[in-house]
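Participant: Contents of my_file-v1.txt (compact mmCIF, C-alpha atoms) are given next:
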```txt
# COMPACT_ATOMS: atom_id res chain seq x y z
CA MET A 1 144.94 90.67 75.24
CA LYS A 2 142.46 89.32 77.79
CA THR A 3 138.89 88.72 76.69
CA ILE A 4 136.34 91.04 78.25
CA LEU A 5 133.91 89.11 80.40
CA PHE A 6 130.69 90.33 81.86
CA GLY A 7 127.66 89.06 83.77
CA ALA A 8 124.58 91.26 83.65
CA ILE A 9 121.87 91.25 86.24
CA PHE A 10 118.25 92.13 85.95
CA ALA A 11 117.58 95.06 88.29
CA GLY A 12 113.89 95.73 87.87
CA SER A 13 112.03 97.08 90.86
CA LEU A 14 109.47 95.10 92.84
CA LEU A 15 106.00 96.42 92.26
CA ALA A 16 103.66 97.04 95.18
CA GLN A 17 103.73 100.24 97.18
CA ALA A 18 104.30 100.05 100.93
CA PRO A 19 104.98 102.35 103.89
CA SER A 20 108.36 104.08 103.62
CA ASN A 21 109.34 103.41 107.24
CA LEU A 22 109.72 99.65 106.78
CA LYS A 23 113.04 98.14 107.86
CA PHE A 24 114.73 94.77 107.69
CA GLU A 25 114.66 92.97 111.02
CA VAL A 26 118.42 92.48 110.72
CA ALA A 27 120.79 93.23 107.84
CA SER A 28 124.46 92.70 107.09
CA VAL A 29 126.20 94.85 104.46
CA ARG A 30 129.70 93.99 103.29
CA PRO A 31 131.86 94.94 100.30
CA ALA A 32 131.64 92.19 97.69
CA GLN A 33 134.62 90.16 96.62
CA PRO A 34 136.57 91.97 93.87
CA MET A 35 135.46 91.05 90.35
CA GLY A 36 137.87 88.85 88.47
CA THR A 37 138.86 89.23 84.84
CA ASP A 38 137.66 85.74 83.90
CA ARG A 39 134.18 85.48 85.42
CA VAL A 40 131.44 87.46 87.18
CA ASP A 41 128.55 86.01 89.20
CA VAL A 42 125.77 88.08 90.76
CA GLY A 43 122.31 87.34 92.08
CA VAL A 44 119.22 88.15 94.12
CA HIS A 45 117.63 85.40 96.20
CA VAL A 46 114.54 85.65 98.41
CA ASP A 47 113.41 82.57 100.31
CA GLY A 48 110.68 83.21 102.81
CA ALA A 49 112.04 85.78 105.25
CA GLN A 50 115.66 85.41 104.07
CA VAL A 51 117.09 87.87 101.52
CA ARG A 52 120.50 87.54 99.83
CA MET A 53 121.79 90.04 97.31
CA VAL A 54 125.23 89.10 96.02
CA SER A 55 127.79 91.39 94.37
CA LEU A 56 125.33 94.03 93.17
CA PRO A 57 126.68 97.49 92.31
CA MET A 58 125.44 100.34 94.48
CA ARG A 59 123.47 101.68 91.50
CA ASP A 60 121.42 98.47 91.43
CA TYR A 61 120.53 98.76 95.12
CA ILE A 62 119.46 102.37 94.67
CA ALA A 63 117.38 101.55 91.59
CA ARG A 64 115.62 98.76 93.46
CA ALA A 65 115.09 100.86 96.58
CA TYR A 66 113.47 103.78 94.75
CA ARG A 67 111.71 101.69 92.08
CA MET A 68 113.70 103.23 89.25
CA LYS A 69 115.50 101.78 86.26
CA LEU A 70 119.27 101.83 86.21
CA TYR A 71 119.55 104.65 83.68
CA GLN A 72 117.33 106.83 85.90
CA VAL A 73 119.91 106.88 88.70
CA THR A 74 122.55 109.61 88.46
CA GLY A 75 125.39 110.18 90.90
CA PRO A 76 129.10 109.61 91.47
CA GLU A 77 131.03 107.36 89.09
CA TRP A 78 131.63 104.74 91.77
CA LEU A 79 127.94 103.78 91.80
CA THR A 80 128.74 101.11 89.22
CA SER A 81 132.18 100.08 90.44
CA GLU A 82 131.49 99.58 94.18
CA ARG A 83 129.67 96.29 94.83
CA PHE A 84 128.13 95.02 98.05
CA ASP A 85 126.62 91.86 99.52
CA VAL A 86 123.47 92.28 101.58
CA ILE A 87 122.08 89.50 103.77
CA ALA A 88 118.87 90.45 105.55
CA LYS A 89 115.78 89.11 107.27
CA LEU A 90 112.28 90.38 106.59
CA PRO A 91 110.27 91.40 109.65
CA GLN A 92 107.29 89.27 110.60
CA GLY A 93 104.18 90.16 108.63
CA SER A 94 106.06 91.81 105.74
CA THR A 95 106.24 90.60 102.13
CA PRO A 96 108.95 90.54 99.42
CA GLU A 97 107.04 93.28 97.61
CA GLN A 98 108.06 95.63 100.44
CA ILE A 99 111.81 95.03 100.03
CA PRO A 100 112.36 98.33 98.12
CA GLU A 101 111.17 100.37 101.11
CA MET A 102 113.39 98.32 103.43
CA LEU A 103 116.33 98.96 101.11
CA GLN A 104 115.58 102.69 101.29
CA SER A 105 115.79 102.54 105.07
CA LEU A 106 119.02 100.53 104.82
CA LEU A 107 120.61 103.05 102.45
CA GLU A 108 119.56 105.95 104.68
CA GLU A 109 120.91 104.37 107.87
CA ARG A 110 124.06 102.69 106.57
CA PHE A 111 125.10 104.96 103.67
CA GLN A 112 123.42 108.27 104.68
CA ILE A 113 121.85 108.60 101.25
CA LYS A 114 119.96 111.75 100.28
CA VAL A 115 118.24 112.10 96.91
CA HIS A 116 115.89 114.22 94.89
CA ARG A 117 113.92 113.61 91.72
CA GLU A 118 113.86 115.71 88.59
CA LYS A 119 113.11 115.40 84.90
CA LYS A 120 115.83 115.52 82.23
CA GLU A 121 115.84 115.23 78.47
CA LEU A 122 118.14 112.33 77.63
CA PRO A 123 119.19 110.49 74.48
CA ILE A 124 117.43 107.12 74.32
CA TYR A 125 116.60 104.29 71.98
CA ALA A 126 112.89 103.61 71.61
CA LEU A 127 112.06 99.91 71.19
CA MET A 128 109.08 99.84 68.87
CA ILE A 129 107.22 97.71 66.35
CA GLY A 130 108.83 97.92 62.92
CA LYS A 131 107.60 96.89 59.52
CA PRO A 132 105.13 93.98 59.54
CA PRO A 133 104.96 91.11 59.92
CA LEU A 134 105.89 90.76 63.58
CA LYS A 135 107.90 87.55 63.81
CA ILE A 136 108.50 87.17 67.52
CA GLN A 137 106.84 84.15 69.10
CA GLU A 138 104.62 84.43 72.15
CA SER A 139 105.86 82.08 74.85
CA ALA A 140 103.92 78.82 74.95
CA PRO A 141 102.47 77.74 78.31
CA ASP A 142 104.58 75.06 79.97
CA PRO A 143 102.46 72.86 82.27
CA ASN A 144 105.62 71.25 83.61
CA ALA A 145 107.37 74.50 84.47
CA PRO A 146 108.28 74.70 88.17
CA ILE A 147 106.25 77.22 90.14
CA ALA A 148 108.28 79.20 92.63
CA PRO A 149 106.78 79.08 96.13
CA LYS A 150 105.15 82.27 97.28
CA GLY A 151 107.68 84.56 98.93
CA THR A 152 110.63 83.31 96.90
CA ALA A 153 112.63 84.91 94.09
CA ASN A 154 115.81 83.86 92.37
CA VAL A 155 117.54 86.04 89.80
CA SER A 156 121.13 85.31 88.87
CA ALA A 157 123.67 86.02 86.17
CA SER A 158 127.10 84.86 85.15
CA GLY A 159 129.57 85.89 82.50
CA SER A 160 132.69 84.22 81.16
CA ALA A 161 134.67 83.86 77.96
CA ALA A 162 131.82 81.67 76.69
CA GLY A 163 129.32 84.54 76.98
CA VAL A 164 126.58 85.74 79.30
CA SER A 165 123.73 83.82 80.90
CA VAL A 166 120.99 85.52 82.93
CA ASP A 167 118.20 83.71 84.81
CA LEU A 168 115.38 86.19 85.35
CA GLY A 169 113.29 83.80 87.42
CA ASN A 170 110.05 81.90 86.80
CA GLY A 171 111.31 80.40 83.55
CA SER A 172 112.47 83.70 82.04
CA TYR A 173 116.07 83.92 80.88
CA TYR A 174 118.44 85.00 78.13
CA THR A 175 121.84 84.02 76.86
CA PHE A 176 124.27 86.03 74.77
CA ASN A 177 127.18 84.07 73.36
CA ASN A 178 128.95 83.54 70.05
CA GLY A 179 127.16 86.58 68.67
CA LYS A 180 123.69 85.08 69.31
CA PHE A 181 121.08 86.61 71.60
CA GLU A 182 118.47 84.05 72.72
CA VAL A 183 115.55 85.14 74.89
CA LYS A 184 112.85 83.03 76.52
CA LYS A 185 109.64 84.13 78.22
CA VAL A 186 110.33 87.86 78.56
CA THR A 187 108.15 90.93 78.22
CA MET A 188 109.19 93.70 75.86
CA ASP A 189 110.01 95.91 78.85
CA MET A 190 112.31 93.20 80.21
CA LEU A 191 113.93 92.86 76.78
CA ALA A 192 114.56 96.61 76.62
CA ARG A 193 116.12 96.60 80.10
CA GLN A 194 118.48 93.79 79.20
CA LEU A 195 119.50 95.11 75.77
CA GLU A 196 120.31 98.57 77.14
CA ARG A 197 123.20 97.07 79.10
CA TYR A 198 124.95 96.41 75.80
CA VAL A 199 124.51 99.79 74.12
CA ASP A 200 125.38 103.42 74.77
CA ARG A 201 122.03 104.77 75.97
CA PRO A 202 118.77 103.68 77.67
CA ILE A 203 116.20 101.66 75.73
CA VAL A 204 112.55 102.48 76.41
CA ASP A 205 109.82 100.04 75.39
CA ILE A 206 106.99 101.69 73.43
CA THR A 207 105.79 98.56 71.59
CA ASP A 208 102.59 98.26 73.69
CA LEU A 209 102.99 94.47 73.48
CA LYS A 210 101.66 92.87 76.67
CA GLY A 211 102.67 89.20 76.45
CA THR A 212 105.86 87.26 77.10
CA TYR A 213 107.90 86.24 74.09
CA ASP A 214 110.66 83.98 72.80
CA LEU A 215 113.06 85.36 70.22
CA THR A 216 116.52 84.84 68.77
CA PHE A 217 118.78 87.05 66.67
CA SER A 218 122.47 87.34 65.85
CA VAL A 219 125.00 90.17 65.61
CA THR A 220 128.33 90.39 63.83
CA THR A 221 131.56 89.41 65.54
CA GLU A 222 132.68 93.05 65.72
CA ASP A 223 129.39 94.23 67.18
CA TYR A 224 129.28 91.30 69.63
CA GLN A 225 132.67 92.30 70.99
CA ALA A 226 131.68 95.97 71.20
CA MET A 227 128.42 95.11 72.96
CA LEU A 228 130.27 93.07 75.60
CA ILE A 229 132.66 95.97 76.16
CA HIS A 230 129.70 98.37 76.52
CA ALA A 231 128.20 95.98 79.09
CA ALA A 232 131.45 95.90 81.03
CA VAL A 233 131.69 99.71 81.00
CA ASN A 234 128.05 100.04 82.06
CA ALA A 235 128.77 97.66 84.94
CA GLY A 236 131.66 99.81 86.15
CA MET A 237 134.56 97.58 85.12
CA MET A 238 137.87 99.37 84.58
CA LEU A 239 139.12 98.46 81.13
CA PRO A 240 142.54 99.19 79.60
CA PRO A 241 142.70 101.79 76.79
CA GLN A 242 143.56 99.17 74.15
CA VAL A 243 140.30 97.36 74.96
CA LEU A 244 138.20 100.52 74.91
CA ARG A 245 139.62 101.30 71.46
CA LEU A 246 137.87 98.18 70.19
CA LEU A 247 134.61 100.10 70.50
CA ASP A 248 135.73 102.02 67.41
CA ASN A 249 135.32 98.83 65.35
CA GLY A 250 131.83 97.99 66.56
CA SER A 251 128.37 99.47 66.34
CA ILE A 252 124.78 98.43 66.96
CA ALA A 253 124.00 98.15 63.25
CA SER A 254 123.68 94.37 63.32
CA LEU A 255 121.60 94.59 66.52
CA MET A 256 119.22 96.86 64.64
CA ASP A 257 119.21 94.47 61.68
CA GLY A 258 118.53 91.46 63.93
CA LEU A 259 115.56 93.18 65.58
CA GLN A 260 114.28 94.40 62.21
CA GLN A 261 114.15 90.84 60.92
CA LEU A 262 111.83 90.07 63.84
CA GLY A 263 109.52 92.99 63.07
CA LEU A 264 110.98 95.20 65.81
CA LYS A 265 113.24 98.24 65.67
CA ILE A 266 115.07 100.68 67.91
CA ASP A 267 114.96 104.35 67.04
CA ALA A 268 117.41 106.97 68.37
CA ARG A 269 115.71 110.02 69.84
CA LYS A 270 115.55 112.27 72.90
CA ALA A 271 112.89 112.07 75.59
CA PRO A 272 112.16 113.69 78.96
CA LEU A 273 112.75 111.08 81.67
CA ASP A 274 112.38 111.06 85.43
CA VAL A 275 115.76 110.71 87.13
CA LEU A 276 116.86 110.17 90.70
CA VAL A 277 119.77 112.46 91.60
CA ILE A 278 122.09 111.41 94.44
CA ASP A 279 122.81 114.46 96.62
CA GLN A 280 124.72 112.61 99.33
CA LEU A 281 125.99 109.05 99.65
CA SER A 282 128.75 107.54 101.79
CA LYS A 283 131.07 105.14 99.98
CA THR A 284 131.57 103.06 103.13
CA PRO A 285 128.65 101.68 105.13
CA THR A 286 128.49 102.05 108.89
CA ASP A 287 129.35 98.93 110.87
CA ASN A 288 126.97 95.98 110.97
```
Please express what this file holds, its structure, as structure tokens.
Facilitator:
Amino acid sequence: MKTILFGAIFAGSLLAQAPSNLKFEVASVRPAQPMGTDRVDVGVHVDGAQVRMVSLPMRDYIARAYRMKLYQVTGPEWLTSERFDVIAKLPQGSTPEQIPEMLQSLLEERFQIKVHREKKELPIYALMIGKPPLKIQESAPDPNAPIAPKGTANVSASGSAAGVSVDLGNGSYYTFNNGKFEVKKVTMDMLARQLERYVDRPIVDITDLKGTYDLTFSVTTEDYQAMLIHAAVNAGMMLPPQVLRLLDNGSIASLMDGLQQLGLKIDARKAPLDVLVIDQLSKTPTDN
């Protein structure tokens, strides 16, 4: 049986608000190369006025465009299976913080997207502080850390039989291999967004911790395998039935135990969440 391989990608939204009529000066949209069964590589790169988004699922583009998290986007099943490459140029006088609005315009023009927002009660995991003491370590300042030039961003991820490696930019990253989750320089919200890719429901950070942290924990072999399969399913990969049956042998019990040893915990509950509902979306973009 082939090993399930998966590369996750951070899909957080850029922050500042901007006019909604912003557009890329030029933009090319093409279907991404089909994902292989042995490796996945994805990324977001911004260098000055040049923007490259490689092999992102449609759901990731929509989440970025409307400043939502992945679990807040609901629509057709192919949102996670159809991947696209976008190469674009920012118009003069614009900033990378305005890319979401430009993506909205791109989705409207090239995919004829129409959406509405509503609130739904959904099952979630709440990431929260557990029993003291809190044993996560706040990231130490690194005077030698490279500082990305203004107007640049590089986020990339790869997955193979050896595990998953995700570079979140500006010295933040995580690896997940051999049952060990190692995180460097991440906020608790970033941690929640990465962990939720490996479980069966969204994870919402309610720790109220404001810093960036380094932490390490391990999971059992069975749970490690199940978490990778969950990540593959969440990314839209089509898996054979015999692989999906392996989920029956895994759980998130050791994930909970690992977080508990650090003074954190995840609690299953329901919560009302804002969601973005896709009313209309073409599967094929109009010509470049």
Participant: Skipping near chain neighbours, those fewer than 2 positions away, what residues fall within 9 Å of Leu255 of chain A using only C-alpha atoms, listed as an MDAnalysis selection string?
Facilitator: chainID A and resid 217:220 223:224 251:253 257:260
Participant: Give me, please, the distance in Å between atom CA of Met188 of chain A and atom CA of Val51 of chain A, quoted to one decimal.
Facilitator: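 About the pair atom CA of Met188 of chain A and atom CA of Val51 of chain A: they are 27.5 Å apart.
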Participant: Have a look at atom CA of Arg67 of chain A and atom CA of Ile266 of chain A and let me know their distance in Å, one decimal.
Facilitator: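 That distance, rounded to one decimal, is 24.4 Å.
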Participant: Could you pull the residues within 9 Å of Ser139 of chain A, counting all atoms listed in the file, minus those fewer than 2 positions along the same chain, as a ChimeraX atom specification?
Facilitator: /A:137,141-142,184-186,211-214
Participant: My list of candidates is A:Phe24, A:Phe84, A:Tyr125, A:Tyr174. Which is closest to Ile62 of chain A when distances are computed with all atoms listed in the file?
Facilitator: A:Phe84
Participant: For atom CA of Glu222 of chain A and atom CA of Asp200 of chain A, quote the distance in Å rounded to one decimal.
Facilitator: 15.6 Å
Participant: Excluding Asp85 of chain A and any residue of its chain fewer than 3 positions from it, enumerate the residues within 10 Å of it, using only C-alpha atoms, and give them as a VMD selection string.
Facilitator: chain A and resid 28 to 33 42 to 44 52 to 58 88
Participant: Measuring atom to atom with only C-alpha atoms, identify which of A:Gly263, A:Pro285, A:Pro202, A:Pro272 is nearest to Gly130 of chain A.
Facilitator: A:Gly263
Participant: My list of candidates is A:Leu246, A:Val275, A:Leu103, A:Leu70. Which is closest to Gln194 of chain A when distances are computed with only C-alpha atoms?
Facilitator: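 Closest to Gln194 of chain A of all the choices is A:Leu70.
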Participant: For Val155 of chain A, which residue out of A:Glu138, A:Thr286, A:Leu276, A:Tyr173 is the nearest one, using only C-alpha atoms?
Facilitator: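 Closest candidate: A:Tyr173.
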Participant: Saving segment 157-252 of chain A with C-alpha atoms, as an mmCIF file, in the first residue's frame, what would that file be?
Facilitator:
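Saved as out35.cif:
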```cif
data_model
loop_
_atom_site.group_PDB
_atom_site.id
_atom_site.type_symbol
_atom_site.label_atom_id
_atom_site.label_comp_id
_atom_site.auth_asym_id
_atom_site.auth_seq_id
_atom_site.Cartn_x
_atom_site.Cartn_y
_atom_site.Cartn_z
ATOM 1 C CA ALA A 157 5.187 23.693 2.273
ATOM 2 C CA SER A 158 6.230 20.249 1.171
ATOM 3 C CA GLY A 159 5.193 16.745 2.089
ATOM 4 C CA SER A 160 6.768 13.379 1.400
ATOM 5 C CA ALA A 161 7.170 9.961 2.966
ATOM 6 C CA ALA A 162 9.535 11.602 5.458
ATOM 7 C CA GLY A 163 6.774 13.893 6.758
ATOM 8 C CA VAL A 164 5.607 17.484 6.395
ATOM 9 C CA SER A 165 7.598 20.707 6.510
ATOM 10 C CA VAL A 166 5.948 24.138 6.416
ATOM 11 C CA ASP A 167 7.803 27.470 6.271
ATOM 12 C CA LEU A 168 5.437 30.165 7.514
ATOM 13 C CA GLY A 169 7.836 33.017 6.790
ATOM 14 C CA ASN A 170 9.910 35.348 8.970
ATOM 15 C CA GLY A 171 11.474 32.479 10.905
ATOM 16 C CA SER A 172 8.186 30.733 11.722
ATOM 17 C CA TYR A 173 7.848 27.090 10.732
ATOM 18 C CA TYR A 174 6.771 23.627 11.789
ATOM 19 C CA THR A 175 7.647 20.068 10.929
ATOM 20 C CA PHE A 176 5.608 16.926 11.458
ATOM 21 C CA ASN A 177 7.484 13.686 10.921
ATOM 22 C CA ASN A 178 8.068 10.383 12.679
ATOM 23 C CA GLY A 179 5.170 11.169 14.992
ATOM 24 C CA LYS A 180 6.804 14.390 16.273
ATOM 25 C CA PHE A 181 5.308 17.853 15.889
ATOM 26 C CA GLU A 182 7.941 20.603 16.227
ATOM 27 C CA VAL A 183 6.896 24.250 16.085
ATOM 28 C CA LYS A 184 9.066 27.371 16.080
ATOM 29 C CA LYS A 185 8.047 31.005 16.482
ATOM 30 C CA VAL A 186 4.279 30.676 16.047
ATOM 31 C CA THR A 187 1.328 32.360 17.705
ATOM 32 C CA MET A 188 -1.388 30.244 19.263
ATOM 33 C CA ASP A 189 -3.755 31.244 16.452
ATOM 34 C CA MET A 190 -1.209 30.020 13.896
ATOM 35 C CA LEU A 191 -0.809 26.778 15.850
ATOM 36 C CA ALA A 192 -4.576 26.223 15.858
ATOM 37 C CA ARG A 193 -4.780 26.840 12.098
ATOM 38 C CA GLN A 194 -2.042 24.320 11.391
ATOM 39 C CA LEU A 195 -3.274 21.602 13.774
ATOM 40 C CA GLU A 196 -6.816 21.742 12.391
ATOM 41 C CA ARG A 197 -5.534 20.385 9.085
ATOM 42 C CA TYR A 198 -4.820 17.094 10.840
ATOM 43 C CA VAL A 199 -8.107 16.594 12.678
ATOM 44 C CA ASP A 200 -11.799 16.285 11.869
ATOM 45 C CA ARG A 201 -13.040 19.768 12.786
ATOM 46 C CA PRO A 202 -11.872 23.403 13.087
ATOM 47 C CA ILE A 203 -9.658 24.449 16.003
ATOM 48 C CA VAL A 204 -10.328 27.886 17.480
ATOM 49 C CA ASP A 205 -7.731 29.562 19.689
ATOM 50 C CA ILE A 206 -9.162 30.879 22.972
ATOM 51 C CA THR A 207 -5.914 30.816 24.983
ATOM 52 C CA ASP A 208 -5.553 34.636 24.958
ATOM 53 C CA LEU A 209 -1.776 34.119 24.698
ATOM 54 C CA LYS A 210 -0.246 36.961 22.668
ATOM 55 C CA GLY A 211 3.375 35.936 22.087
ATOM 56 C CA THR A 212 5.145 33.600 19.676
ATOM 57 C CA TYR A 213 6.187 30.221 21.005
ATOM 58 C CA ASP A 214 8.369 27.169 20.434
ATOM 59 C CA LEU A 215 6.985 23.766 21.359
ATOM 60 C CA THR A 216 7.401 20.075 20.637
ATOM 61 C CA PHE A 217 5.168 17.068 21.287
ATOM 62 C CA SER A 218 4.740 13.543 19.961
ATOM 63 C CA VAL A 219 1.811 11.343 18.945
ATOM 64 C CA THR A 220 1.507 7.589 18.617
ATOM 65 C CA THR A 221 2.272 5.811 15.358
ATOM 66 C CA GLU A 222 -1.421 5.043 14.807
ATOM 67 C CA ASP A 223 -2.506 8.612 15.470
ATOM 68 C CA TYR A 224 0.327 9.996 13.310
ATOM 69 C CA GLN A 225 -0.886 7.931 10.371
ATOM 70 C CA ALA A 226 -4.513 8.936 10.959
ATOM 71 C CA MET A 227 -3.567 12.619 11.226
ATOM 72 C CA LEU A 228 -1.727 12.491 7.892
ATOM 73 C CA ILE A 229 -4.753 10.850 6.284
ATOM 74 C CA HIS A 230 -7.024 13.558 7.741
ATOM 75 C CA ALA A 231 -4.677 16.180 6.282
ATOM 76 C CA ALA A 232 -4.825 14.531 2.877
ATOM 77 C CA VAL A 233 -8.639 14.378 2.995
ATOM 78 C CA ASN A 234 -8.845 18.008 4.130
ATOM 79 C CA ALA A 235 -6.610 18.950 1.190
ATOM 80 C CA GLY A 236 -8.947 17.240 -1.274
ATOM 81 C CA MET A 237 -6.814 14.215 -2.136
ATOM 82 C CA MET A 238 -8.730 11.186 -3.394
ATOM 83 C CA LEU A 239 -7.738 8.222 -1.257
ATOM 84 C CA PRO A 240 -8.569 4.541 -1.812
ATOM 85 C CA PRO A 241 -11.059 2.905 0.590
ATOM 86 C CA GLN A 242 -8.378 0.695 2.174
ATOM 87 C CA VAL A 243 -6.451 3.827 3.175
ATOM 88 C CA LEU A 244 -9.498 5.610 4.558
ATOM 89 C CA ARG A 245 -10.212 2.544 6.702
ATOM 90 C CA LEU A 246 -6.962 3.249 8.539
ATOM 91 C CA LEU A 247 -8.746 6.177 10.180
ATOM 92 C CA ASP A 248 -10.587 3.571 12.256
ATOM 93 C CA ASN A 249 -7.297 2.731 14.010
ATOM 94 C CA GLY A 250 -6.343 6.297 14.868
ATOM 95 C CA SER A 251 -7.661 9.088 17.037
ATOM 96 C CA ILE A 252 -6.472 12.405 18.420
#
```
